[in-house]
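Structure file input_35.cif with mmCIF, C-alpha atoms:
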```cif
data_work
#
loop_
_atom_site.label_atom_id
_atom_site.label_comp_id
_atom_site.auth_asym_id
_atom_site.auth_seq_id
_atom_site.Cartn_x
_atom_site.Cartn_y
_atom_site.Cartn_z
CA MET A 1 7.95 -70.50 -73.32
CA SER A 2 7.48 -74.23 -73.57
CA ARG A 3 4.38 -75.60 -75.27
CA SER A 4 3.10 -77.15 -72.04
CA ILE A 5 3.38 -73.89 -70.07
CA ARG A 6 1.83 -71.92 -72.91
CA THR A 7 -1.11 -74.31 -73.08
CA ILE A 8 -1.86 -74.47 -69.37
CA THR A 9 -1.57 -70.69 -69.07
CA ALA A 10 -4.35 -70.32 -71.62
CA VAL A 11 -6.36 -73.03 -69.94
CA ALA A 12 -6.29 -71.48 -66.47
CA ALA A 13 -6.79 -67.86 -67.46
CA ALA A 14 -10.53 -68.08 -66.73
CA LEU A 15 -9.80 -68.34 -63.04
CA LEU A 16 -8.60 -64.77 -63.19
CA LEU A 17 -10.67 -63.41 -66.04
CA ALA A 18 -13.87 -64.53 -64.47
CA THR A 19 -9.31 -62.33 -64.05
CA ALA A 20 4.02 -65.73 -77.74
CA CYS A 21 7.13 -65.99 -75.91
CA ASN A 22 10.48 -66.79 -77.59
CA SER A 23 13.73 -68.13 -76.23
CA ALA A 24 16.09 -65.63 -77.84
CA SER A 25 19.21 -64.92 -75.84
CA ASP A 26 19.46 -61.63 -73.99
CA SER A 27 22.03 -59.40 -72.36
CA GLY A 28 20.25 -58.90 -69.06
CA GLY A 29 22.38 -61.29 -67.08
CA SER A 30 21.42 -63.22 -63.96
CA GLY A 31 20.14 -61.98 -60.63
CA GLY A 32 23.65 -61.03 -59.56
CA ASP A 33 24.22 -58.70 -62.53
CA GLY A 34 24.28 -54.93 -62.56
CA GLY A 35 25.10 -54.19 -58.95
CA GLY A 36 25.01 -50.66 -57.64
CA LYS A 37 27.47 -48.90 -55.41
CA GLY A 38 28.67 -50.33 -52.16
CA GLY A 39 27.27 -53.20 -50.21
CA SER A 40 25.52 -55.44 -52.73
CA SER A 41 26.36 -56.96 -56.09
CA ALA A 42 22.71 -57.65 -56.86
CA ARG A 43 21.08 -56.06 -59.85
CA GLY A 44 18.99 -53.05 -58.78
CA VAL A 45 20.34 -52.93 -55.22
CA THR A 46 22.53 -50.10 -53.89
CA ASP A 47 23.51 -49.08 -50.38
CA ASP A 48 20.33 -47.05 -50.05
CA SER A 49 17.79 -48.33 -52.57
CA ILE A 50 16.10 -51.35 -54.12
CA LYS A 51 14.74 -50.87 -57.62
CA VAL A 52 11.35 -52.47 -58.31
CA GLY A 53 9.01 -52.24 -61.30
CA GLY A 54 5.59 -53.57 -62.24
CA ILE A 55 3.71 -54.99 -65.22
CA VAL A 56 -0.05 -54.38 -65.33
CA SER A 57 -2.80 -54.61 -67.96
CA MET A 58 -3.85 -50.98 -67.69
CA THR A 59 -5.53 -51.02 -71.08
CA THR A 60 -7.25 -53.90 -72.89
CA ALA A 61 -9.26 -54.38 -76.07
CA SER A 62 -12.43 -54.97 -74.04
CA GLY A 63 -11.94 -51.84 -71.94
CA TYR A 64 -11.28 -53.85 -68.79
CA SER A 65 -8.48 -52.20 -66.81
CA LYS A 66 -6.32 -53.18 -63.86
CA LYS A 67 -4.61 -49.78 -63.59
CA ASP A 68 -5.33 -49.44 -59.88
CA THR A 69 -2.98 -52.38 -59.26
CA ASP A 70 -0.20 -49.83 -59.71
CA LEU A 71 -1.73 -47.53 -57.08
CA GLY A 72 -1.98 -50.41 -54.61
CA ALA A 73 1.71 -51.26 -54.99
CA LYS A 74 2.72 -47.62 -54.70
CA ALA A 75 0.67 -47.25 -51.51
CA ARG A 76 2.44 -50.18 -49.84
CA PHE A 77 5.91 -49.13 -50.99
CA ASP A 78 5.25 -45.54 -49.87
CA ARG A 79 4.47 -46.74 -46.35
CA ALA A 80 7.56 -48.94 -46.29
CA ASN A 81 9.70 -45.97 -47.31
CA ALA A 82 8.07 -43.73 -44.71
CA GLU A 83 8.99 -46.34 -42.10
CA GLY A 84 12.64 -46.33 -43.17
CA GLY A 85 12.64 -48.82 -46.01
CA VAL A 86 14.04 -52.34 -45.83
CA HIS A 87 17.19 -52.45 -43.68
CA GLY A 88 17.85 -48.83 -44.53
CA ARG A 89 17.16 -49.17 -48.25
CA LYS A 90 14.24 -47.24 -49.76
CA ILE A 91 12.13 -48.85 -52.47
CA ASP A 92 12.71 -47.13 -55.79
CA TYR A 93 9.39 -48.05 -57.39
CA LEU A 94 9.39 -47.24 -61.10
CA GLY A 95 5.67 -47.77 -61.50
CA ALA A 96 4.04 -50.31 -63.81
CA GLU A 97 4.49 -50.95 -67.51
CA ASP A 98 1.21 -51.39 -69.43
CA ASP A 99 1.19 -54.68 -71.35
CA GLY A 100 -2.24 -54.05 -72.90
CA GLN A 101 -3.04 -57.70 -72.07
CA ASP A 102 -0.91 -58.57 -75.10
CA PRO A 103 1.67 -61.40 -75.00
CA GLY A 104 4.30 -59.54 -77.01
CA ARG A 105 4.02 -56.42 -74.86
CA ASN A 106 4.17 -58.45 -71.66
CA LEU A 107 7.47 -60.01 -72.67
CA ALA A 108 8.79 -56.66 -73.91
CA ALA A 109 7.90 -55.04 -70.58
CA ALA A 110 9.71 -57.78 -68.66
CA ARG A 111 12.82 -57.37 -70.80
CA LYS A 112 12.76 -53.59 -70.48
CA LEU A 113 12.52 -53.69 -66.69
CA VAL A 114 15.32 -56.25 -66.35
CA GLN A 115 17.74 -55.34 -69.15
CA ARG A 116 17.33 -51.56 -69.33
CA GLU A 117 16.02 -50.52 -65.92
CA LYS A 118 17.94 -53.22 -63.99
CA VAL A 119 15.20 -53.90 -61.44
CA PHE A 120 15.82 -56.33 -58.59
CA ALA A 121 12.20 -57.48 -58.54
CA ILE A 122 8.87 -57.09 -60.32
CA ALA A 123 5.93 -56.36 -58.04
CA PRO A 124 3.18 -56.33 -59.12
CA MET A 125 2.71 -58.46 -62.23
CA SER A 126 -1.00 -58.40 -63.01
CA SER A 127 -2.02 -59.76 -66.39
CA VAL A 128 -3.55 -63.00 -67.66
CA THR A 129 -1.02 -62.76 -70.49
CA PHE A 130 2.18 -63.58 -68.63
CA SER A 131 4.41 -64.49 -71.57
CA GLY A 132 7.41 -62.97 -69.79
CA ALA A 133 7.33 -65.67 -67.11
CA ASP A 134 10.01 -67.92 -68.61
CA PHE A 135 12.31 -64.95 -69.18
CA LEU A 136 11.94 -63.71 -65.59
CA GLN A 137 12.50 -67.20 -64.18
CA LYS A 138 15.63 -67.61 -66.31
CA GLN A 139 16.92 -64.20 -65.24
CA LYS A 140 16.23 -64.99 -61.56
CA VAL A 141 13.96 -61.99 -61.04
CA PRO A 142 11.69 -62.30 -57.97
CA THR A 143 8.23 -61.56 -59.35
CA PHE A 144 5.00 -61.12 -57.39
CA GLY A 145 1.36 -61.19 -58.45
CA TRP A 146 -1.97 -62.91 -58.03
CA GLY A 147 -1.36 -66.66 -58.38
CA THR A 148 -4.42 -67.29 -60.53
CA ILE A 149 -2.35 -68.27 -63.57
CA PRO A 150 0.05 -71.25 -63.89
CA PRO A 151 3.37 -69.34 -64.10
CA PHE A 152 2.98 -68.54 -60.41
CA CYS A 153 2.70 -72.25 -59.63
CA GLY A 154 6.02 -74.05 -59.45
CA PRO A 155 8.76 -71.68 -60.70
CA THR A 156 11.14 -70.71 -57.93
CA TYR A 157 11.31 -66.96 -58.63
CA LEU A 158 7.60 -66.30 -59.21
CA TYR A 159 5.38 -65.77 -56.16
CA GLY A 160 1.59 -65.65 -55.84
CA PHE A 161 0.64 -63.45 -52.90
CA GLY A 162 -2.19 -65.89 -52.12
CA GLY A 163 -0.17 -68.95 -53.09
CA CYS A 164 -0.78 -71.03 -56.22
CA MET A 165 -4.48 -70.71 -56.94
CA VAL A 166 -4.50 -72.85 -60.08
CA PRO A 167 -5.22 -76.55 -59.52
CA MET A 168 -2.29 -78.52 -60.88
CA PRO A 169 -1.81 -82.27 -61.39
CA GLY A 170 -1.17 -83.76 -58.00
CA GLY A 171 -2.24 -80.51 -56.36
CA THR A 172 -5.37 -79.27 -54.66
CA ILE A 173 -8.47 -77.12 -55.25
CA THR A 174 -9.32 -74.37 -52.81
CA GLN A 175 -12.85 -74.73 -51.46
CA SER A 176 -13.48 -71.13 -50.45
CA TRP A 177 -16.18 -70.58 -53.11
CA PRO A 178 -18.56 -73.52 -52.46
CA GLU A 179 -17.89 -73.57 -48.72
CA GLY A 180 -18.56 -69.85 -48.47
CA LEU A 181 -21.69 -70.25 -50.57
CA LYS A 182 -23.08 -72.71 -48.03
CA LYS A 183 -23.57 -69.75 -45.68
CA VAL A 184 -25.75 -68.15 -48.35
CA THR A 185 -27.77 -71.21 -49.39
CA GLY A 186 -28.18 -72.64 -45.89
CA GLY A 187 -25.89 -75.57 -46.61
CA ALA A 188 -25.39 -77.70 -49.69
CA LYS A 189 -27.65 -80.67 -48.94
CA GLY A 190 -30.41 -80.89 -51.53
CA LYS A 191 -29.09 -77.78 -53.31
CA SER A 192 -28.13 -77.62 -56.99
CA VAL A 193 -25.82 -75.37 -58.98
CA ALA A 194 -25.36 -74.54 -62.68
CA ILE A 195 -21.92 -73.40 -63.84
CA LEU A 196 -21.26 -71.45 -67.05
CA ALA A 197 -17.96 -70.42 -68.67
CA ASN A 198 -16.52 -69.30 -72.02
CA ASP A 199 -15.99 -71.64 -74.97
CA ASN A 200 -12.20 -71.79 -74.87
CA ASP A 201 -9.58 -73.93 -73.13
CA ALA A 202 -9.71 -71.62 -70.14
CA GLY A 203 -13.45 -72.11 -69.78
CA THR A 204 -13.13 -75.87 -70.17
CA PHE A 205 -10.56 -75.96 -67.39
CA ALA A 206 -12.75 -73.79 -65.16
CA ILE A 207 -15.69 -76.14 -65.64
CA ARG A 208 -13.54 -79.15 -64.84
CA THR A 209 -12.29 -77.46 -61.67
CA TYR A 210 -15.54 -76.13 -60.28
CA LYS A 211 -17.54 -79.28 -61.06
CA GLN A 212 -15.19 -81.05 -58.66
CA SER A 213 -15.19 -78.22 -56.16
CA PHE A 214 -18.94 -77.75 -55.80
CA ALA A 215 -19.66 -81.49 -55.90
CA ALA A 216 -17.11 -82.11 -53.15
CA ALA A 217 -18.85 -79.49 -51.02
CA GLY A 218 -22.13 -81.41 -51.33
CA TYR A 219 -23.90 -79.51 -54.11
CA GLU A 220 -25.51 -81.30 -57.05
CA VAL A 221 -24.00 -79.89 -60.23
CA THR A 222 -26.89 -80.06 -62.71
CA TYR A 223 -25.29 -78.01 -65.48
CA ALA A 224 -21.63 -77.29 -66.26
CA LYS A 225 -20.74 -76.00 -69.73
CA SER A 226 -18.15 -73.78 -71.40
CA THR A 227 -20.24 -72.65 -74.35
CA VAL A 228 -20.30 -68.82 -74.26
CA PRO A 229 -18.23 -67.26 -77.09
CA ALA A 230 -14.96 -65.96 -75.67
CA THR A 231 -14.38 -63.51 -78.51
CA SER A 232 -17.49 -61.37 -78.04
CA VAL A 233 -20.29 -60.89 -75.53
CA PRO A 234 -23.55 -62.42 -76.83
CA SER A 235 -26.40 -60.03 -77.54
CA ASP A 236 -28.96 -62.78 -76.97
CA TRP A 237 -28.67 -64.91 -73.83
CA SER A 238 -32.01 -66.70 -74.15
CA ALA A 239 -30.58 -70.07 -75.25
CA TYR A 240 -28.22 -70.22 -72.27
CA THR A 241 -30.95 -69.05 -69.91
CA LYS A 242 -33.40 -71.67 -71.12
CA GLU A 243 -30.92 -74.49 -70.63
CA ILE A 244 -29.82 -73.33 -67.20
CA LEU A 245 -33.31 -72.76 -65.84
CA ARG A 246 -34.40 -76.28 -66.86
CA SER A 247 -31.22 -78.04 -65.78
CA ASP A 248 -32.41 -79.38 -62.43
CA GLY A 249 -34.91 -81.97 -63.63
CA GLY A 250 -36.85 -79.39 -65.61
CA LYS A 251 -36.67 -76.67 -62.98
CA ALA A 252 -34.16 -73.99 -62.07
CA PRO A 253 -31.06 -74.75 -59.97
CA ASP A 254 -30.63 -73.14 -56.57
CA ALA A 255 -27.57 -71.18 -57.71
CA VAL A 256 -26.10 -69.97 -61.00
CA VAL A 257 -22.29 -69.78 -60.98
CA SER A 258 -20.56 -67.68 -63.65
CA VAL A 259 -16.82 -68.01 -64.26
CA MET A 260 -16.69 -65.03 -66.65
CA GLN A 261 -15.80 -61.34 -66.72
CA THR A 262 -18.15 -58.49 -65.88
CA PRO A 263 -19.58 -57.76 -69.39
CA TYR A 264 -20.64 -61.41 -69.68
CA ASN A 265 -22.04 -61.48 -66.15
CA ILE A 266 -24.17 -58.43 -66.83
CA GLY A 267 -25.74 -60.12 -69.86
CA LEU A 268 -26.23 -63.51 -68.21
CA PHE A 269 -27.61 -62.27 -64.90
CA THR A 270 -29.94 -59.78 -66.55
CA SER A 271 -31.34 -62.55 -68.74
CA VAL A 272 -31.95 -65.08 -65.96
CA LYS A 273 -33.58 -62.42 -63.78
CA ARG A 274 -35.93 -61.46 -66.58
CA ALA A 275 -36.83 -65.13 -66.97
CA GLY A 276 -37.98 -65.16 -63.35
CA PHE A 277 -34.98 -66.72 -61.59
CA ARG A 278 -35.03 -66.01 -57.84
CA GLY A 279 -32.10 -68.15 -56.73
CA VAL A 280 -28.49 -67.26 -55.92
CA LEU A 281 -26.20 -65.63 -58.49
CA THR A 282 -22.45 -65.69 -57.94
CA ASP A 283 -19.19 -64.90 -59.72
CA PRO A 284 -15.54 -64.10 -58.85
CA THR A 285 -15.06 -60.77 -60.64
CA ASP A 286 -17.60 -58.06 -59.84
CA TYR A 287 -16.17 -56.61 -56.63
CA ASP A 288 -15.49 -53.09 -57.86
CA PRO A 289 -17.23 -49.97 -56.53
CA GLY A 290 -16.57 -48.39 -59.93
CA LEU A 291 -19.30 -50.66 -61.29
CA LEU A 292 -21.82 -48.88 -59.09
CA THR A 293 -21.52 -45.59 -60.94
CA LYS A 294 -23.73 -46.81 -63.80
CA SER A 295 -27.32 -47.51 -62.88
CA ALA A 296 -27.77 -50.22 -65.55
CA THR A 297 -24.72 -52.10 -64.33
CA ARG A 298 -25.75 -51.69 -60.71
CA LYS A 299 -29.19 -53.09 -61.51
CA ALA A 300 -27.85 -56.04 -63.52
CA LEU A 301 -25.48 -57.10 -60.73
CA ASP A 302 -27.81 -56.38 -57.82
CA GLY A 303 -28.05 -59.39 -55.54
CA VAL A 304 -24.93 -61.12 -56.89
CA HIS A 305 -22.59 -62.80 -54.40
CA ILE A 306 -18.94 -62.25 -55.35
CA LEU A 307 -16.04 -64.47 -54.36
CA LEU A 308 -12.94 -62.78 -52.91
CA SER A 309 -9.59 -64.35 -52.03
CA PHE A 310 -8.76 -61.56 -49.60
CA GLN A 311 -10.46 -59.81 -46.72
CA PRO A 312 -13.42 -57.71 -47.91
CA PHE A 313 -13.08 -53.95 -47.57
CA GLU A 314 -16.27 -54.07 -45.49
CA GLN A 315 -14.67 -56.40 -42.92
CA ASP A 316 -13.12 -54.18 -40.24
CA GLY A 317 -9.70 -54.87 -38.71
CA ALA A 318 -6.35 -53.20 -38.07
CA ASP A 319 -4.78 -54.39 -41.37
CA MET A 320 -7.79 -53.25 -43.40
CA ARG A 321 -7.83 -49.84 -41.73
CA ARG A 322 -4.13 -49.43 -42.51
CA PHE A 323 -4.68 -50.53 -46.12
CA LYS A 324 -7.40 -47.92 -46.58
CA ALA A 325 -5.24 -45.20 -45.04
CA ASP A 326 -2.30 -46.13 -47.27
CA ILE A 327 -4.45 -46.04 -50.42
CA ARG A 328 -5.95 -42.70 -49.44
CA LYS A 329 -2.51 -41.20 -48.83
CA ALA A 330 -1.04 -42.54 -52.09
CA ALA A 331 -4.04 -41.33 -54.12
CA GLY A 332 -4.09 -37.95 -52.40
CA LYS A 333 -7.83 -38.25 -51.78
CA ASP A 334 -10.60 -40.71 -50.97
CA VAL A 335 -11.07 -43.10 -53.89
CA PRO A 336 -13.36 -46.09 -54.39
CA LEU A 337 -11.53 -49.26 -53.39
CA ASN A 338 -11.26 -52.25 -55.70
CA MET A 339 -9.59 -55.67 -55.89
CA HIS A 340 -6.88 -54.39 -58.25
CA MET A 341 -5.58 -52.12 -55.49
CA MET A 342 -5.45 -55.13 -53.19
CA THR A 343 -3.54 -57.12 -55.85
CA GLY A 344 -0.85 -54.46 -56.07
CA TYR A 345 -0.75 -53.88 -52.32
CA MET A 346 -0.39 -57.54 -51.33
CA SER A 347 2.14 -58.24 -54.10
CA ALA A 348 4.28 -55.46 -52.69
CA ASP A 349 3.62 -56.59 -49.13
CA LEU A 350 4.88 -60.13 -49.76
CA PHE A 351 7.99 -58.82 -51.50
CA LEU A 352 8.75 -56.51 -48.58
CA ALA A 353 8.22 -59.26 -46.01
CA ILE A 354 10.68 -61.62 -47.70
CA ALA A 355 13.20 -58.85 -48.41
CA ASP A 356 13.13 -57.91 -44.73
CA LYS A 357 13.81 -61.52 -43.73
CA ALA A 358 16.73 -61.66 -46.21
CA GLY A 359 18.62 -59.12 -44.12
CA LYS A 360 21.05 -56.33 -44.93
CA ASN A 361 23.06 -58.32 -47.48
CA LEU A 362 20.32 -58.44 -50.10
CA THR A 363 21.07 -60.60 -53.12
CA VAL A 364 18.89 -62.90 -55.17
CA ASP A 365 20.40 -65.85 -53.32
CA SER A 366 19.73 -64.38 -49.87
CA PHE A 367 16.21 -63.44 -50.98
CA GLN A 368 15.49 -66.97 -52.16
CA GLN A 369 16.89 -68.46 -48.97
CA ALA A 370 14.62 -66.18 -46.96
CA ALA A 371 11.61 -67.21 -49.07
CA ASP A 372 12.17 -70.92 -48.48
CA GLY A 373 10.55 -71.61 -45.15
CA TYR A 374 8.93 -68.16 -44.94
CA SER A 375 5.61 -68.03 -43.10
CA ASP A 376 3.38 -65.59 -41.28
CA ARG A 377 -0.18 -65.59 -40.02
CA ASP A 378 -3.45 -63.70 -40.23
CA THR A 379 -2.65 -61.45 -43.18
CA MET A 380 -5.35 -60.06 -45.46
CA VAL A 381 -4.88 -63.16 -47.66
CA GLY A 382 -4.59 -65.68 -44.82
CA ASP A 383 -1.59 -67.58 -43.47
CA ARG A 384 1.26 -67.21 -45.98
CA ARG A 385 3.80 -69.99 -46.32
CA PHE A 386 6.51 -71.00 -48.77
CA PRO A 387 7.54 -73.19 -50.49
CA GLU A 388 4.00 -74.60 -50.05
CA GLY A 389 2.63 -71.50 -51.79
CA ARG A 390 4.33 -72.53 -55.02
CA LYS A 391 1.99 -75.52 -55.30
CA GLU A 392 -1.08 -74.70 -53.23
CA SER A 393 -3.41 -71.83 -52.47
CA PHE A 394 -3.55 -70.50 -48.94
CA GLY A 395 -7.20 -71.62 -49.20
CA CYS A 396 -8.96 -68.53 -47.91
CA GLY A 397 -11.88 -66.50 -49.18
CA ALA A 398 -15.02 -64.51 -48.52
CA LEU A 399 -18.28 -63.66 -50.27
CA VAL A 400 -19.81 -60.21 -50.53
CA GLN A 401 -23.18 -59.35 -52.01
CA LEU A 402 -23.99 -56.29 -54.06
CA LYS A 403 -27.35 -55.12 -52.76
CA ASP A 404 -29.07 -51.77 -53.17
CA GLY A 405 -25.92 -50.09 -54.42
CA LYS A 406 -23.47 -51.32 -51.80
CA TYR A 407 -21.50 -54.42 -50.88
CA THR A 408 -22.16 -56.39 -47.70
CA VAL A 409 -20.31 -59.43 -46.36
CA THR A 410 -22.39 -62.61 -46.69
CA SER A 411 -19.62 -65.08 -45.86
CA PRO A 412 -16.74 -63.67 -43.76
CA PHE A 413 -13.12 -64.21 -44.74
CA GLU A 414 -12.12 -67.72 -43.70
CA CYS A 415 -9.65 -70.44 -44.67
CA TYR A 416 -10.88 -73.86 -45.77
CA GLU A 417 -9.31 -77.28 -46.22
CA PRO A 418 -8.55 -77.90 -49.91
CA ILE A 419 -9.45 -81.04 -51.85
CA PRO A 420 -7.28 -83.10 -54.25
CA PHE A 421 -7.47 -82.00 -57.88
CA LYS A 422 -8.40 -84.87 -60.18
#
```
Can I see the file as structure tokens?
Amino acid sequence: MSRSIRTITAVAAALLLATACNSASDSGGSGGDGGGKGGSSARGVTDDSIKVGGIVSMTTASGYSKKDTDLGAKARFDRANAEGGVHGRKIDYLGAEDDGQDPGRNLAAARKLVQREKVFAIAPMSSVTFSGADFLQKQKVPTFGWGTIPPFCGPTYLYGFGGCMVPMPGGTITQSWPEGLKKVTGGAKGKSVAILANDNDAGTFAIRTYKQSFAAAGYEVTYAKSTVPATSVPSDWSAYTKEILRSDGGKAPDAVVSVMQTPYNIGLFTSVKRAGFRGVLTDPTDYDPGLLTKSATRKALDGVHILLSFQPFEQDGADMRRFKADIRKAAGKDVPLNMHMMTGYMSADLFLAIADKAGKNLTVDSFQQAADGYSDRDTMVGDRRFPEGRKESFGCGALVQLKDGKYTVTSPFECYEPIPFK
């Protein structure tokens, strides 16, 4: 992986956290290698099947897990197979490799799936440690995931199911968070926000991005710092709380915006509540019914408005009802829904949509031709379009609030006009 890609990947990871690659030669071949029997010479494609695998951070050092991403992908592929597959080919989904959110394991998983398992595509890829990106691009492996990290922005074989959600030079910033928050705060005029992130390159980039985003929406950004240790959750949040609650000319801001993961949010939000803060709390990570099983967690996050880049589970519609039915069937029972399931499901969904457009003669070339100029409307992530999605987000989002042990929609799923990234 080049130095520039490695650097910007680290920088933008906070957009997902809040969601060592080498260039050795390999024997995996290009996208046309390893054809199966009959009608296609493409790797992983036979007359009656298409082989697909996934890479997911199922285990991490912090305990944070995205394992349900695998269930989401399986649910979507199961429905496709029940409906006859893609032009008569069933999806042979191998399941997801666990990269442990470790760069070396991510690259190893990519190599295993391509060189040993001979997959045609990888869907889903869900990890902030995407060190296998250069390898997959070189090997011409269509790869699908949540475009909240830079590898999904620009490369021709890597696809973000919501488009490129990382602001890039010359690109844009999606405004779904501040514009959605206006519905909560009664507009932005005269309202102030404080933004907090971790003390690494990722946090610095997040602060740079959201200072622009909230200011462009009309909010006064009175505090924007990346000072929270990224290596461990602080046991004492009083210093941060004191600064934040005095940031608006000696008084508290109207909203506190956290661009951090759940353990950090629990500490920060608990501290500001204890200090008497009665304004709006918001973050992009805590939409997970599994968090509601612990009373302490439920209490700490009560009242928080959470940003989503897909339709909320609480927002009824035909696509959402079908998603829920597919998850239930794949799990074999009713299970709490979470955003990881949606990540896997929509990664698989975008792959299936493009593969269907590619037609019966499925090769990497025909797949790429189908992707260029692909578009559809009103999906659970908005209006999808490529190649625009390689550079820009589809610009859609919603806010839900955790209140009294359940989530409610406070800003319905909507698409907003982006702004230039400076």
One number please: CA of Gln261 in chain A to CA of Asn198 in chain A, in Å, one decimal.
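Interatomic distance, CA of Gln261 in chain A to CA of Asn198 in chain A: 9.6 Å.
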Evaluate the PyMOL selection byres ((chain A and resi 375-378) around 12) on the structure here and hand back the selected residues as a PyMOL selection string.
chain A and resi 161+163+310-311+317-320+349-350+353-354+357+370-374+379-389+394+396+413-415
Output C-alpha atoms of each residue in that selection to a file, as a JSON list (two decimals), keeping the file's coordinate frame.
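Output file part-v3.json is given in full below:
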```
[["chain", "number", "residue", "atom", "x", "y", "z"],
["A", 161, "PHE", "CA", 0.64, -63.45, -52.90],
["A", 163, "GLY", "CA", -0.17, -68.95, -53.09],
["A", 310, "PHE", "CA", -8.76, -61.56, -49.60],
["A", 311, "GLN", "CA", -10.46, -59.81, -46.72],
["A", 317, "GLY", "CA", -9.70, -54.87, -38.71],
["A", 318, "ALA", "CA", -6.35, -53.20, -38.07],
["A", 319, "ASP", "CA", -4.78, -54.39, -41.37],
["A", 320, "MET", "CA", -7.79, -53.25, -43.40],
["A", 349, "ASP", "CA", 3.62, -56.59, -49.13],
["A", 350, "LEU", "CA", 4.88, -60.13, -49.76],
["A", 353, "ALA", "CA", 8.22, -59.26, -46.01],
["A", 354, "ILE", "CA", 10.68, -61.62, -47.70],
["A", 357, "LYS", "CA", 13.81, -61.52, -43.73],
["A", 370, "ALA", "CA", 14.62, -66.18, -46.96],
["A", 371, "ALA", "CA", 11.61, -67.21, -49.07],
["A", 372, "ASP", "CA", 12.17, -70.92, -48.48],
["A", 373, "GLY", "CA", 10.55, -71.61, -45.15],
["A", 374, "TYR", "CA", 8.93, -68.16, -44.94],
["A", 379, "THR", "CA", -2.65, -61.45, -43.18],
["A", 380, "MET", "CA", -5.35, -60.06, -45.46],
["A", 381, "VAL", "CA", -4.88, -63.16, -47.66],
["A", 382, "GLY", "CA", -4.59, -65.68, -44.82],
["A", 383, "ASP", "CA", -1.59, -67.58, -43.47],
["A", 384, "ARG", "CA", 1.26, -67.21, -45.98],
["A", 385, "ARG", "CA", 3.80, -69.99, -46.32],
["A", 386, "PHE", "CA", 6.51, -71.00, -48.77],
["A", 387, "PRO", "CA", 7.54, -73.19, -50.49],
["A", 388, "GLU", "CA", 4.00, -74.60, -50.05],
["A", 389, "GLY", "CA", 2.63, -71.50, -51.79],
["A", 394, "PHE", "CA", -3.55, -70.50, -48.94],
["A", 396, "CYS", "CA", -8.96, -68.53, -47.91],
["A", 413, "PHE", "CA", -13.12, -64.21, -44.74],
["A", 414, "GLU", "CA", -12.12, -67.72, -43.70],
["A", 415, "CYS", "CA", -9.65, -70.44, -44.67]]
```
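In this model, the gap between CA of Leu301 in chain A and CA of Asp288 in chain A comes to 11.1 Å.
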Given the PyMOL selection byres ((chain A and resi 76-89) around 7) and the file above, list the residues it selects as a short mmCIF file (atom, residue, chain, number, x, y, z; two decimals) with C-alpha atoms, keeping the file's coordinate frame.
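Saved as out.cif:
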```cif
data_model
loop_
_atom_site.label_atom_id
_atom_site.label_comp_id
_atom_site.auth_asym_id
_atom_site.auth_seq_id
_atom_site.Cartn_x
_atom_site.Cartn_y
_atom_site.Cartn_z
CA ASP A 47 23.51 -49.08 -50.38
CA ASP A 48 20.33 -47.05 -50.05
CA SER A 49 17.79 -48.33 -52.57
CA ILE A 50 16.10 -51.35 -54.12
CA GLY A 72 -1.98 -50.41 -54.61
CA ALA A 73 1.71 -51.26 -54.99
CA LYS A 74 2.72 -47.62 -54.70
CA ALA A 75 0.67 -47.25 -51.51
CA LYS A 90 14.24 -47.24 -49.76
CA ILE A 91 12.13 -48.85 -52.47
CA ASP A 326 -2.30 -46.13 -47.27
CA TYR A 345 -0.75 -53.88 -52.32
CA ALA A 348 4.28 -55.46 -52.69
CA ASP A 349 3.62 -56.59 -49.13
CA ASP A 356 13.13 -57.91 -44.73
CA GLY A 359 18.62 -59.12 -44.12
CA LYS A 360 21.05 -56.33 -44.93
#
```
Could you check how far CA of Ala331 in chain A sits from CA of Thr285 in chain A, in Å to one decimal?
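Value for the CA of Ala331 in chain A-CA of Thr285 in chain A distance: 23.3 Å.
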The PyMOL selection byres ((chain A and resi 302) around 7) on the file shown: which residues, as a list of chain:residue names?
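Selected by the PyMOL selection byres ((chain A and resi 302) around 7) in this file: A:Arg298, A:Lys299, A:Ala300, A:Leu301, A:Gly303, A:Val304, A:Leu402, A:Lys403, A:Asp404.
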Grab all the atoms of range 405-412 of chain A that the file lists, wrap them in a box along x, y and z, add 8 Å per side, and give me centre plus edge lengths in Å (one decimal) as JSON.
```
{"center_x": -21.3, "center_y": -57.6, "center_z": -49.1, "size_x": 25.2, "size_y": 31.0, "size_z": 26.7}
```
Using only C-alpha atoms, pick whichever of A:Met341, A:Ile122, A:Val233, A:Leu352 has the shortest atom-to-atom distance to Pro289 in chain A.
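The closest residue to Pro289 in chain A is A:Met341.
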Sort by chain and increasing residue number a table of all residues of range 168-280 of chain A within 12 Å of range 60-71 of chain A, each with its closest pair of atoms and their distance in Å to one decimal, counting all atoms listed in the file, and write it as a Markdown table.
```
| residue | atom | partner | partner_atom | distance |
| --- | --- | --- | --- | --- |
| A:Ala230 | CA | A:Ser62 | CA | 11.4 |
| A:Thr231 | CA | A:Ser62 | CA | 9.8 |
| A:Ser232 | CA | A:Ser62 | CA | 9.1 |
| A:Val233 | CA | A:Ser62 | CA | 10.0 |
| A:Gln261 | CA | A:Tyr64 | CA | 9.0 |
| A:Thr262 | CA | A:Tyr64 | CA | 8.8 |
| A:Pro263 | CA | A:Ser62 | CA | 9.0 |
| A:Tyr264 | CA | A:Ser62 | CA | 11.3 |
```
For His305 in chain A, work out the shell of residues within 6 Å, counting all atoms listed in the file and skipping chain neighbours fewer than 4 positions away, then give it as a list in words.
Thr282, Val400 and Gln401 of chain A
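For Val280 in chain A, the residues within 7 Å (counting all atoms listed in the file, excluding itself and residues fewer than 2 positions away along the chain) are Asp254, Ala255, Val256, Arg278 and Thr282 of chain A.
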